[in-house]
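Below is the file upload-v7.tsv, which contains TSV, C-alpha atoms and all ligand atoms.
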chain	number	residue	atom	x	y	z
A	1	SER	CA	86.04	-42.21	-31.94
A	2	SER	CA	87.88	-40.92	-35.00
A	3	THR	CA	87.83	-44.30	-36.71
A	4	GLU	CA	84.04	-44.64	-36.54
A	5	PRO	CA	82.12	-43.48	-39.58
A	6	LEU	CA	79.22	-41.12	-38.97
A	7	TYR	CA	76.08	-42.95	-38.02
A	8	ASN	CA	73.89	-43.42	-40.97
A	9	VAL	CA	70.56	-45.09	-41.38
A	10	GLN	CA	70.06	-47.11	-44.52
A	11	ARG	CA	67.23	-49.54	-45.00
A	12	VAL	CA	68.35	-53.03	-45.67
A	13	ASP	CA	65.88	-54.04	-48.35
A	14	GLN	CA	66.04	-57.74	-47.69
A	15	GLN	CA	67.64	-59.64	-44.92
A	16	ILE	CA	68.43	-63.09	-46.16
A	17	LYS	CA	70.86	-65.38	-44.52
A	18	PRO	CA	70.04	-68.56	-46.35
A	19	ARG	CA	69.61	-71.61	-44.19
A	20	GLN	CA	69.81	-73.86	-47.25
A	21	PRO	CA	72.56	-73.86	-49.81
A	22	PRO	CA	71.43	-72.56	-53.22
A	23	ALA	CA	69.39	-75.10	-55.18
A	24	ARG	CA	72.11	-75.42	-57.80
A	25	PRO	CA	75.76	-74.45	-57.65
A	26	PRO	CA	76.64	-70.97	-58.87
A	27	GLN	CA	77.30	-70.66	-62.59
A	28	ILE	CA	80.84	-70.85	-63.67
A	29	PHE	CA	82.09	-67.38	-62.83
A	30	PRO	CA	79.55	-65.24	-61.01
A	31	LEU	CA	81.43	-65.76	-57.83
A	32	LEU	CA	84.11	-68.30	-57.71
A	33	CYS	CA	85.68	-69.34	-54.50
A	34	LEU	CA	89.33	-69.96	-54.96
A	35	HIS	CA	91.13	-71.57	-52.05
A	36	CYS	CA	94.45	-69.80	-52.29
A	37	THR	CA	95.85	-71.06	-55.52
A	38	ILE	CA	93.89	-74.22	-56.13
A	39	MET	CA	92.68	-74.02	-59.68
A	40	ALA	CA	90.03	-76.30	-61.05
A	41	SER	CA	91.73	-76.34	-64.44
A	42	PRO	CA	94.96	-74.39	-64.54
A	43	PRO	CA	96.03	-73.45	-68.04
A	44	ARG	CA	98.39	-76.13	-69.37
A	45	SER	CA	100.77	-76.37	-72.22
A	46	PRO	CA	100.95	-79.64	-74.16
A	47	GLY	CA	103.61	-81.95	-72.75
A	48	GLN	CA	103.48	-80.30	-69.32
A	49	PRO	CA	101.03	-82.44	-67.41
A	50	ASN	CA	101.48	-80.98	-63.92
A	51	ARG	CA	102.97	-77.55	-63.69
A	52	PRO	CA	103.49	-76.63	-60.06
A	53	CYS	CA	104.24	-73.02	-61.00
A	54	SER	CA	102.91	-70.61	-63.59
A	55	GLU	CA	105.32	-68.50	-65.67
A	56	ASP	CA	105.18	-65.63	-63.21
A	57	GLY	CA	105.90	-67.83	-60.23
A	58	ILE	CA	102.42	-68.24	-58.83
A	59	PRO	CA	102.12	-71.74	-57.41
A	60	VAL	CA	99.33	-73.60	-59.13
A	61	VAL	CA	97.75	-76.72	-57.69
A	62	ASP	CA	95.88	-78.85	-60.16
A	63	LEU	CA	92.62	-80.00	-58.65
A	64	ALA	CA	92.32	-82.79	-61.25
A	65	VAL	CA	95.60	-84.32	-60.05
A	66	LEU	CA	94.46	-83.98	-56.46
A	67	VAL	CA	91.29	-85.92	-57.25
A	68	ASN	CA	92.33	-88.33	-60.00
A	69	GLY	CA	96.12	-88.59	-59.85
A	70	ASP	CA	98.01	-91.70	-58.77
A	71	ALA	CA	99.43	-91.86	-55.23
A	72	ARG	CA	102.73	-90.22	-56.16
A	73	GLU	CA	101.10	-87.39	-58.09
A	74	ARG	CA	98.63	-86.79	-55.28
A	75	SER	CA	101.22	-86.57	-52.57
A	76	GLN	CA	103.25	-84.15	-54.71
A	77	ALA	CA	100.13	-82.03	-55.31
A	78	VAL	CA	99.36	-82.03	-51.58
A	79	ARG	CA	102.88	-80.80	-50.83
A	80	HIS	CA	102.50	-78.00	-53.37
A	81	LEU	CA	99.15	-77.15	-51.89
A	82	GLY	CA	100.63	-76.84	-48.41
A	83	ARG	CA	103.37	-74.54	-49.67
A	84	ALA	CA	100.96	-72.45	-51.72
A	85	CYS	CA	98.59	-71.97	-48.79
A	86	GLN	CA	101.31	-71.02	-46.33
A	87	ASP	CA	102.82	-68.60	-48.76
A	88	TRP	CA	99.60	-66.86	-49.75
A	89	GLY	CA	98.23	-66.95	-46.21
A	90	PHE	CA	101.25	-64.99	-45.09
A	91	PHE	CA	100.78	-62.24	-47.68
A	92	MET	CA	97.06	-62.05	-47.14
A	93	SER	CA	97.38	-61.50	-43.41
A	94	ALA	CA	100.29	-59.06	-43.87
A	95	MET	CA	98.11	-57.00	-46.21
A	96	MET	CA	95.18	-57.00	-43.84
A	97	ASP	CA	97.37	-56.09	-40.85
A	98	ALA	CA	98.91	-53.17	-42.75
A	99	CYS	CA	95.43	-51.84	-43.67
A	100	LYS	CA	94.29	-52.26	-40.09
A	101	GLU	CA	97.25	-50.24	-38.91
A	102	LEU	CA	96.40	-47.49	-41.39
A	103	PHE	CA	92.79	-47.26	-40.18
A	104	GLY	CA	94.07	-46.90	-36.62
A	105	LEU	CA	96.38	-43.95	-37.44
A	106	PRO	CA	95.40	-40.52	-36.11
A	107	PRO	CA	93.45	-38.51	-38.73
A	108	GLU	CA	96.25	-35.97	-39.28
A	109	GLN	CA	98.45	-38.73	-40.70
A	110	LYS	CA	95.85	-39.53	-43.34
A	111	ALA	CA	94.53	-36.00	-43.89
A	112	GLU	CA	96.29	-35.41	-47.21
A	113	PHE	CA	94.35	-38.30	-48.78
A	114	MET	CA	90.98	-37.56	-47.25
A	115	ASP	CA	89.88	-34.89	-49.72
A	116	ALA	CA	90.95	-36.91	-52.72
A	117	GLY	CA	88.60	-37.42	-55.66
A	118	PRO	CA	87.61	-40.71	-57.32
A	119	MET	CA	90.42	-40.56	-59.88
A	120	ASP	CA	93.18	-39.61	-57.44
A	121	PRO	CA	95.68	-42.41	-56.94
A	122	VAL	CA	95.36	-42.61	-53.14
A	123	ARG	CA	92.15	-41.99	-51.30
A	124	VAL	CA	91.16	-42.49	-47.68
A	125	GLY	CA	87.57	-41.91	-46.62
A	126	THR	CA	84.32	-42.96	-45.09
A	127	GLY	CA	81.22	-44.22	-46.90
A	128	PHE	CA	81.48	-44.60	-50.68
A	129	ASN	CA	81.75	-41.11	-52.11
A	130	SER	CA	80.71	-38.66	-49.43
A	131	ALA	CA	80.06	-35.93	-52.03
A	132	VAL	CA	77.11	-37.89	-53.44
A	133	ASP	CA	76.24	-40.58	-50.86
A	134	GLY	CA	73.52	-38.51	-49.19
A	135	ALA	CA	73.48	-40.79	-46.21
A	136	ARG	CA	76.88	-42.18	-45.41
A	137	TYR	CA	77.71	-45.82	-45.26
A	138	TRP	CA	79.24	-47.53	-42.25
A	139	ARG	CA	82.61	-48.08	-43.83
A	140	ASP	CA	86.15	-46.70	-43.83
A	141	TYR	CA	88.30	-47.37	-46.85
A	142	VAL	CA	91.69	-46.85	-48.38
A	143	LYS	CA	92.11	-47.07	-52.15
A	144	MET	CA	95.49	-47.22	-53.82
A	145	PHE	CA	96.29	-47.34	-57.51
A	146	ALA	CA	98.78	-50.18	-57.56
A	147	HIS	CA	99.76	-50.68	-61.19
A	148	PRO	CA	101.40	-49.54	-63.48
A	149	GLU	CA	102.76	-47.56	-60.52
A	150	LEU	CA	102.14	-48.16	-56.83
A	151	HIS	CA	100.75	-45.13	-55.00
A	152	CYS	CA	100.64	-45.57	-51.27
A	153	PRO	CA	100.46	-43.53	-48.06
A	154	ALA	CA	103.85	-43.15	-46.37
A	155	LYS	CA	102.40	-44.40	-43.07
A	156	PRO	CA	102.22	-47.03	-41.67
A	157	ASP	CA	105.86	-47.81	-42.36
A	158	GLY	CA	105.47	-51.33	-43.67
A	159	LEU	CA	102.52	-50.65	-45.98
A	160	ARG	CA	104.41	-49.90	-49.19
A	161	GLY	CA	106.47	-53.08	-49.15
A	162	VAL	CA	103.52	-55.30	-48.31
A	163	ALA	CA	101.25	-53.61	-50.86
A	164	ALA	CA	103.87	-53.91	-53.64
A	165	GLU	CA	104.30	-57.65	-53.08
A	166	TYR	CA	100.61	-58.26	-52.62
A	167	ALA	CA	99.72	-56.29	-55.76
A	168	ALA	CA	102.25	-58.20	-57.88
A	169	ARG	CA	101.08	-61.60	-56.66
A	170	THR	CA	97.37	-60.93	-57.00
A	171	ARG	CA	97.91	-59.33	-60.42
A	172	GLY	CA	99.59	-62.51	-61.66
A	173	LEU	CA	96.72	-64.58	-60.33
A	174	LEU	CA	94.11	-62.25	-61.86
A	175	LEU	CA	95.81	-62.49	-65.26
A	176	GLU	CA	95.83	-66.29	-65.02
A	177	LEU	CA	92.15	-66.27	-64.16
A	178	THR	CA	91.48	-63.99	-67.12
A	179	ALA	CA	93.14	-66.55	-69.42
A	180	ALA	CA	91.05	-69.37	-67.93
A	181	ILE	CA	87.87	-67.30	-68.33
A	182	SER	CA	88.77	-66.57	-71.94
A	183	GLU	CA	89.04	-70.32	-72.59
A	184	SER	CA	85.77	-70.96	-70.79
A	185	LEU	CA	84.12	-68.63	-73.33
A	186	GLY	CA	85.45	-70.83	-76.14
A	187	LEU	CA	88.13	-68.28	-77.03
A	188	PRO	CA	91.91	-68.71	-77.12
A	189	ALA	CA	93.41	-68.22	-73.63
A	190	GLY	CA	95.00	-64.91	-74.59
A	191	ARG	CA	91.99	-63.40	-76.40
A	192	ILE	CA	90.59	-61.21	-73.60
A	193	ALA	CA	94.06	-60.04	-72.61
A	194	GLU	CA	94.74	-59.14	-76.22
A	195	ARG	CA	91.39	-57.40	-76.68
A	196	LEU	CA	91.88	-55.32	-73.52
A	197	ASP	CA	95.62	-54.90	-73.98
A	198	LEU	CA	96.24	-56.33	-70.52
A	199	GLY	CA	99.98	-56.16	-71.12
A	200	SER	CA	99.49	-52.65	-69.77
A	201	CYS	CA	96.78	-53.39	-67.25
A	202	PHE	CA	95.60	-51.23	-64.36
A	203	GLN	CA	95.14	-52.37	-60.77
A	204	ILE	CA	93.68	-50.97	-57.56
A	205	LEU	CA	94.02	-52.24	-54.00
A	206	VAL	CA	91.27	-51.42	-51.52
A	207	GLY	CA	91.14	-51.98	-47.78
A	208	ASN	CA	87.69	-51.83	-46.18
A	209	HIS	CA	86.94	-51.52	-42.48
A	210	TYR	CA	83.40	-51.76	-41.09
A	211	PRO	CA	83.30	-50.94	-37.37
A	212	PRO	CA	80.72	-52.83	-35.33
A	213	CYS	CA	77.32	-51.18	-35.37
A	214	ALA	CA	74.53	-51.81	-32.88
A	215	ALA	CA	71.86	-51.23	-35.52
A	216	GLY	CA	72.78	-54.11	-37.78
A	217	PRO	CA	71.13	-55.86	-40.70
A	218	ASP	CA	68.50	-57.54	-38.53
A	219	ASP	CA	66.98	-54.17	-37.69
A	220	ASP	CA	64.45	-52.46	-39.92
A	221	ASP	CA	66.72	-49.48	-40.37
A	222	GLY	CA	70.09	-51.10	-39.87
A	223	ALA	CA	73.35	-49.62	-41.12
A	224	VAL	CA	74.79	-50.80	-44.43
A	225	GLY	CA	78.53	-51.07	-45.04
A	226	LEU	CA	78.47	-50.84	-48.80
A	227	PRO	CA	75.25	-50.92	-50.84
A	228	ALA	CA	74.56	-53.27	-53.75
A	229	HIS	CA	76.93	-52.69	-56.64
A	230	SER	CA	79.07	-54.46	-59.19
A	231	ASP	CA	82.77	-53.60	-59.48
A	232	HIS	CA	83.86	-51.36	-62.33
A	233	GLY	CA	86.89	-53.48	-63.31
A	234	LEU	CA	87.38	-56.79	-65.05
A	235	LEU	CA	87.92	-59.10	-62.08
A	236	THR	CA	88.21	-58.60	-58.33
A	237	LEU	CA	89.90	-60.80	-55.75
A	238	LEU	CA	88.51	-60.30	-52.26
A	239	PHE	CA	89.26	-61.81	-48.89
A	240	GLN	CA	87.71	-61.04	-45.53
A	241	ASN	CA	88.63	-61.33	-41.90
A	242	GLY	CA	86.51	-63.94	-40.14
A	243	VAL	CA	83.40	-61.74	-39.85
A	244	ASP	CA	80.35	-62.37	-42.07
A	245	GLY	CA	79.01	-59.52	-44.17
A	246	LEU	CA	79.68	-60.03	-47.89
A	247	GLN	CA	76.51	-60.95	-49.74
A	248	VAL	CA	76.09	-61.82	-53.39
A	249	LYS	CA	72.89	-61.65	-55.41
A	250	HIS	CA	72.27	-64.98	-57.07
A	251	ASP	CA	69.04	-65.99	-58.80
A	252	GLY	CA	67.27	-63.01	-57.22
A	253	ARG	CA	68.34	-63.86	-53.66
A	254	TRP	CA	71.03	-62.37	-51.44
A	255	LEU	CA	73.40	-65.15	-50.42
A	256	LEU	CA	75.99	-64.84	-47.70
A	257	ALA	CA	79.52	-65.34	-49.04
A	258	LYS	CA	81.00	-66.73	-45.85
A	259	PRO	CA	84.67	-65.96	-45.29
A	260	ILE	CA	86.81	-69.06	-45.85
A	261	PRO	CA	90.22	-68.74	-44.20
A	262	GLY	CA	93.05	-68.36	-46.69
A	263	SER	CA	90.65	-68.04	-49.63
A	264	PHE	CA	89.87	-65.43	-52.21
A	265	PHE	CA	86.51	-64.78	-53.70
A	266	VAL	CA	86.72	-63.96	-57.37
A	267	ILE	CA	84.11	-61.44	-58.44
A	268	ALA	CA	83.34	-60.75	-62.09
A	269	GLY	CA	83.26	-57.02	-62.83
A	270	ASP	CA	81.54	-54.76	-65.37
A	271	GLN	CA	84.41	-54.83	-67.90
A	272	LEU	CA	84.08	-58.63	-68.03
A	273	GLU	CA	80.38	-58.22	-68.75
A	274	ILE	CA	81.20	-55.77	-71.56
A	275	VAL	CA	84.07	-57.69	-73.13
A	276	SER	CA	82.14	-60.99	-72.97
A	277	ASN	CA	79.18	-59.20	-74.60
A	278	GLY	CA	77.00	-60.01	-71.60
A	279	ARG	CA	77.86	-63.73	-71.36
A	280	TYR	CA	79.34	-63.24	-67.89
A	281	LYS	CA	77.61	-60.72	-65.69
A	282	GLY	CA	79.21	-58.29	-63.30
A	283	VAL	CA	78.23	-59.73	-59.92
A	284	LEU	CA	75.93	-57.68	-57.70
A	285	HIS	CA	77.26	-57.71	-54.14
A	286	ARG	CA	77.06	-55.67	-50.96
A	287	ALA	CA	78.62	-55.53	-47.50
A	288	LEU	CA	76.62	-55.69	-44.27
A	289	VAL	CA	77.97	-54.73	-40.88
A	290	ASP	CA	78.21	-56.80	-37.74
A	291	ARG	CA	76.71	-55.80	-34.39
A	292	ALA	CA	79.68	-56.81	-32.28
A	293	GLN	CA	82.80	-57.23	-34.39
A	294	ALA	CA	84.78	-55.09	-36.79
A	295	ARG	CA	84.72	-56.49	-40.29
A	296	MET	CA	87.55	-56.07	-42.78
A	297	SER	CA	88.07	-56.96	-46.38
A	298	CYS	CA	90.95	-56.53	-48.83
A	299	VAL	CA	90.28	-56.12	-52.51
A	300	SER	CA	92.59	-56.39	-55.50
A	301	LEU	CA	90.93	-55.22	-58.68
A	302	LEU	CA	92.27	-55.72	-62.21
A	303	GLY	CA	91.16	-53.56	-65.08
A	304	PRO	CA	92.43	-52.65	-68.52
A	305	CYS	CA	94.71	-49.67	-69.01
A	306	LEU	CA	92.77	-46.49	-68.17
A	307	ASP	CA	93.07	-45.35	-71.80
A	308	ALA	CA	91.88	-48.63	-73.30
A	309	VAL	CA	88.53	-48.58	-75.07
A	310	VAL	CA	86.62	-51.63	-73.89
A	311	LYS	CA	84.37	-53.31	-76.46
A	312	PRO	CA	82.87	-56.79	-76.68
A	313	VAL	CA	84.97	-59.48	-78.35
A	314	PRO	CA	83.36	-59.57	-81.84
A	315	GLU	CA	83.27	-63.41	-81.89
A	316	LEU	CA	80.80	-63.24	-79.00
A	317	ALA	CA	78.49	-60.74	-80.68
A	318	VAL	CA	76.47	-63.13	-82.79
A	319	PRO	CA	73.47	-62.15	-84.94
A	320	PRO	CA	70.64	-61.34	-84.70
A	321	LEU	CA	71.25	-59.38	-81.51
A	322	GLY	CA	74.88	-58.53	-82.14
A	323	LEU	CA	76.61	-56.14	-79.79
A	324	GLU	CA	75.13	-55.74	-76.31
A	325	PHE	CA	77.49	-52.91	-75.41
A	326	ARG	CA	79.15	-50.09	-77.24
A	327	GLY	CA	82.77	-49.18	-76.57
A	328	VAL	CA	83.82	-47.08	-73.61
A	329	LYS	CA	87.13	-45.76	-72.41
A	330	TYR	CA	87.79	-47.49	-69.08
A	331	ARG	CA	88.84	-44.22	-67.44
A	332	ASP	CA	85.47	-42.65	-68.35
A	333	TYR	CA	83.56	-45.67	-67.10
A	334	MET	CA	85.40	-45.80	-63.81
A	335	GLU	CA	85.01	-42.08	-63.24
A	336	HIS	CA	81.30	-42.28	-64.00
A	337	GLN	CA	80.76	-45.20	-61.61
A	338	GLN	CA	82.89	-43.70	-58.84
A	339	SER	CA	81.50	-40.15	-59.09
A	340	ASN	CA	77.82	-41.03	-58.84
A	341	LYS	CA	75.72	-42.59	-56.16
A	342	LEU	CA	76.24	-46.35	-56.13
A	343	ASN	CA	73.20	-47.66	-57.92
A	344	GLU	CA	73.40	-51.42	-58.29
A	345	LYS	CA	74.52	-51.98	-61.89
A	346	GLY	CA	73.24	-48.64	-63.19
A	347	ALA	CA	76.65	-47.61	-64.52
A	348	LEU	CA	76.43	-50.27	-67.24
A	349	ASP	CA	73.46	-48.43	-68.75
A	350	LEU	CA	76.00	-45.88	-69.93
A	351	VAL	CA	77.22	-48.38	-72.51
A	352	ARG	CA	74.32	-50.77	-73.02
A	353	VAL	CA	72.90	-50.87	-76.54
A	354	GLN	CA	69.23	-49.88	-76.26
A	355	ARG	CA	67.36	-52.90	-77.56
A	356	HIS	CA	63.92	-51.33	-77.96
A	357	ILE	CA	65.32	-48.73	-80.35
A	358	LEU	CA	66.88	-51.48	-82.39
A	359	THR	CA	63.63	-53.49	-82.44
A	360	ASP	CA	61.62	-50.41	-83.48
A	361	THR	CA	64.07	-49.74	-86.27
A	362	LEU	CA	63.94	-53.34	-87.48
A	363	CYS	CA	60.12	-53.35	-87.39
A	364	SER	CA	59.76	-50.12	-89.31
A	365	SER	CA	62.25	-51.05	-92.01
A	401	LIG	O1	83.76	-55.66	-47.86
A	401	LIG	C1	83.29	-56.41	-48.70
A	401	LIG	O2	83.10	-57.61	-48.50
A	401	LIG	C2	82.90	-55.86	-50.06
A	401	LIG	C3	83.82	-54.76	-50.55
A	401	LIG	C4	83.49	-54.34	-51.94
A	401	LIG	O3	82.56	-54.78	-52.54
A	401	LIG	C5	84.35	-53.36	-52.63
A	401	LIG	O4	85.29	-52.82	-52.03
A	401	LIG	O5	84.09	-53.12	-53.83
A	402	FE	FE	82.72	-54.42	-54.66

So, in terms of structure tokens, how does the structure I just supplied come out?
Ligand SMILES: O=C(O)CCC(=O)C(=O)O
Ligand SMILES: [Fe+2]
Amino acid sequence: SSTEPLYNVQRVDQQIKPRQPPARPPQIFPLLCLHCTIMASPPRSPGQPNRPCSEDGIPVVDLAVLVNGDARERSQAVRHLGRACQDWGFFMSAMMDACKELFGLPPEQKAEFMDAGPMDPVRVGTGFNSAVDGARYWRDYVKMFAHPELHCPAKPDGLRGVAAEYAARTRGLLLELTAAISESLGLPAGRIAERLDLGSCFQILVGNHYPPCAAGPDDDDGAVGLPAHSDHGLLTLLFQNGVDGLQVKHDGRWLLAKPIPGSFFVIAGDQLEIVSNGRYKGVLHRALVDRAQARMSCVSLLGPCLDAVVKPVPELAVPPLGLEFRGVKYRDYMEHQQSNKLNEKGALDLVRVQRHILTDTLCSS
């Protein structure tokens, strides 16, 4: 049917559905599972012990209060948690329903976006980038630039309203997470935002749809939804319908990131690797398809302004190695990553400082 991508055979290099949990918990931010808005350590101001809401209205539930608070504090935190989950759950399913409706539209209603290029603000397509994929991937997608301006197909009718609200809420959450990550690097909470000028940030929403495919990951030549890659932005929030498929590379093994209802996965992107001078790595992940059920995911990606030049925070570039990455304009990085075949984390090589050259130079001087 028109919603099915062309059949494509891609070898799945390893098929690992771990029976055991990983030997040790994931490091702090390779992939962080955030149940709606529960934060392990929400940013706090002195004298404000339990803020139920952040400045931009995102409900924040303090896990420490939930675990260690007295009875009154705990019951208040549980009430906030209930409200936060209901609220976010509603917007998450509205977003997924709107994307689902779009994928089901007849092709002529999406045609104007189907020839779009990687830097066009709205793009509907199959695979990753059919101009360079070679073999196509078993995936339909819609990509919308959502901030500073929301670009959105006119159909389905409700999409624009849902996408606007969803983009604003996830952007607030992503900025909060950025502040927490900054602190976790030993920097002031606002340092990354200041370095990347996130006051004028950039955001993309993506809807992914992977129709069921009889030749799935258990087969030698099963179809792949999206091959191994890291995301080009700073941070990605992702949630899935109830169908398994997202895998994350951790300690050399592919681990299944099982969908947790009402939860976002937080995925560190390449700009976080650059700005943190390699302290936090862009997470390698991929999407497998299911034999029997359609899989869907919704992605909200935060990046710096397209004209920002992203460079490591100098405080993190300590001698003798110094800078791991040279500066790159985010627009150029994104275009490079999106215009070429997805090649794991190959795009980062564009900006990686070549160590052997440095070593040779040091040795010969
Ligand atoms: O569908 C998924 O779980 C992964 C999607 C993804 O990695 C992406 O859109 O960048
Ligand atoms: Fe991704």

Closest of A:Val248, A:Ile274, A:Leu306, A:Ile204 to Ala168 of chain A - atom-to-atom distances counting all atoms listed in the file: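 Ranked by minimum distance to Ala168 of chain A, first place goes to A:Ile204.
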
Could you work out an axis-aligned box for ligand LIG 401 (chain A), taking every atom the file lists and adding 3 Å on each side, and report centre and edge lengths in Å to one decimal, as lines of an AutoDock Vina configuration file?
center_x = 83.9
center_y = -55.2
center_z = -50.8
size_x = 8.7
size_y = 10.8
size_z = 12.0

Please check which protein, DNA or RNA residues sit within 9 Å of ligand FE 402 (chain A), counting only C-alpha atoms and all ligand atoms, and write them as a PyMOL selection string. chain A and resi 226+228-232+236+238+267+269+283-287+299

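Taking atom CA of Arg139 of chain A and atom CA of Cys99 of chain A as endpoints, the distance between them is 13.4 Å.
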
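Atom CA of Leu150 of chain A is found 13.5 Å from atom CA of Arg169 of chain A.
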
What is the atom CA of Arg191 of chain A to atom CA of Leu301 of chain A distance in Å? 19.5 Å

Looking at A:Gly172, A:Gly282, A:Gly252, A:Pro148, which one is nearest to ligand LIG 401 (chain A), with distances taken over all atoms listed in the file? A:Gly282

Counting all atoms listed in the file, figure out which residue out of A:Leu174, A:Cys305, A:Val206, A:Leu246 gets nearest to Glu149 of chain A.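 Ranking A:Leu174, A:Cys305, A:Val206, A:Leu246 by distance to Glu149 of chain A, first place goes to A:Cys305.
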
Compile the contact shell of segment 317-330 of chain A as a list in words: residues with an atom at most 7 Å away, counting all atoms listed in the file, same-chain residues fewer than 5 positions apart removed. Ile274, Asn277, Gly278, Pro304, Leu306, Asp307, Ala308, Val309, Val310, Lys311, Pro312, Val351, Arg352 and Val353 of chain A

Which is closest to ligand LIG 401 (chain A) among A:Ala223, A:Ala215, A:Leu187, A:Val243, if we use all atoms listed in the file?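 Result for the nearest residue to ligand LIG 401 (chain A): A:Val243.
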
Measuring between all atoms listed in the file, which one of A:Lys345, A:Lys143, A:Lys281, A:Arg171 shows the shortest distance to ligand LIG 401 (chain A)?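 Nearest candidate to ligand LIG 401 (chain A) out of A:Lys345, A:Lys143, A:Lys281, A:Arg171: A:Lys143.
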
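The list of residues with at least one atom within 12 Å of Glu335 of chain A, based on only C-alpha atoms and without residues fewer than 3 positions apart in the same chain, reads Gly117, Pro118, Met119, Asp120, Asn129, His232, Gly233, Leu306, Val328, Lys329, Tyr330, Arg331, Asp332, Gln338, Ser339, Asn340, Lys341, Ala347 and Leu350 of chain A.
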
Given the block above, output segment 320-336 of chain A with N, CA and C atoms as a CSV table (one decimal), in the first residue's frame.
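Saved result, selection-v4.csv, follows:
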chain,number,residue,atom,x,y,z
A,320,PRO,N,47.1,17.9,28.9
A,320,PRO,CA,47.8,18.2,27.7
A,320,PRO,C,47.1,18.0,26.4
A,321,LEU,N,45.9,17.3,26.5
A,321,LEU,CA,45.2,17.1,25.2
A,321,LEU,C,44.5,18.3,24.6
A,322,GLY,N,44.0,19.1,25.5
A,322,GLY,CA,43.3,20.3,25.1
A,322,GLY,C,42.0,20.0,24.3
A,323,LEU,N,41.8,20.7,23.2
A,323,LEU,CA,40.5,20.6,22.5
A,323,LEU,C,40.4,19.3,21.7
A,324,GLU,N,39.3,18.6,21.9
A,324,GLU,CA,39.0,17.4,21.1
A,324,GLU,C,38.4,17.7,19.8
A,325,PHE,N,37.7,18.9,19.8
A,325,PHE,CA,36.9,19.2,18.6
A,325,PHE,C,37.2,20.7,18.2
A,326,ARG,N,37.2,20.9,16.9
A,326,ARG,CA,37.3,22.3,16.5
A,326,ARG,C,35.9,22.9,16.3
A,327,GLY,N,35.8,24.1,16.1
A,327,GLY,CA,34.4,24.7,16.0
A,327,GLY,C,33.7,24.4,14.7
A,328,VAL,N,32.4,24.3,14.7
A,328,VAL,CA,31.7,24.1,13.5
A,328,VAL,C,30.3,24.8,13.6
A,329,LYS,N,29.9,25.4,12.4
A,329,LYS,CA,28.6,26.1,12.4
A,329,LYS,C,27.6,24.9,12.4
A,330,TYR,N,26.6,25.0,13.3
A,330,TYR,CA,25.6,23.9,13.5
A,330,TYR,C,24.9,23.6,12.1
A,331,ARG,N,24.6,24.7,11.4
A,331,ARG,CA,23.9,24.5,10.1
A,331,ARG,C,24.8,23.6,9.2
A,332,ASP,N,26.1,23.8,9.2
A,332,ASP,CA,27.0,23.0,8.3
A,332,ASP,C,27.0,21.6,8.8
A,333,TYR,N,27.1,21.4,10.1
A,333,TYR,CA,27.2,20.1,10.7
A,333,TYR,C,25.9,19.3,10.3
A,334,MET,N,24.8,19.9,10.6
A,334,MET,CA,23.5,19.2,10.3
A,334,MET,C,23.4,18.9,8.9
A,335,GLU,N,23.7,19.8,8.0
A,335,GLU,CA,23.6,19.5,6.5
A,335,GLU,C,24.5,18.4,6.1
A,336,HIS,N,25.7,18.4,6.7
A,336,HIS,CA,26.7,17.3,6.4
A,336,HIS,C,26.1,16.0,6.8
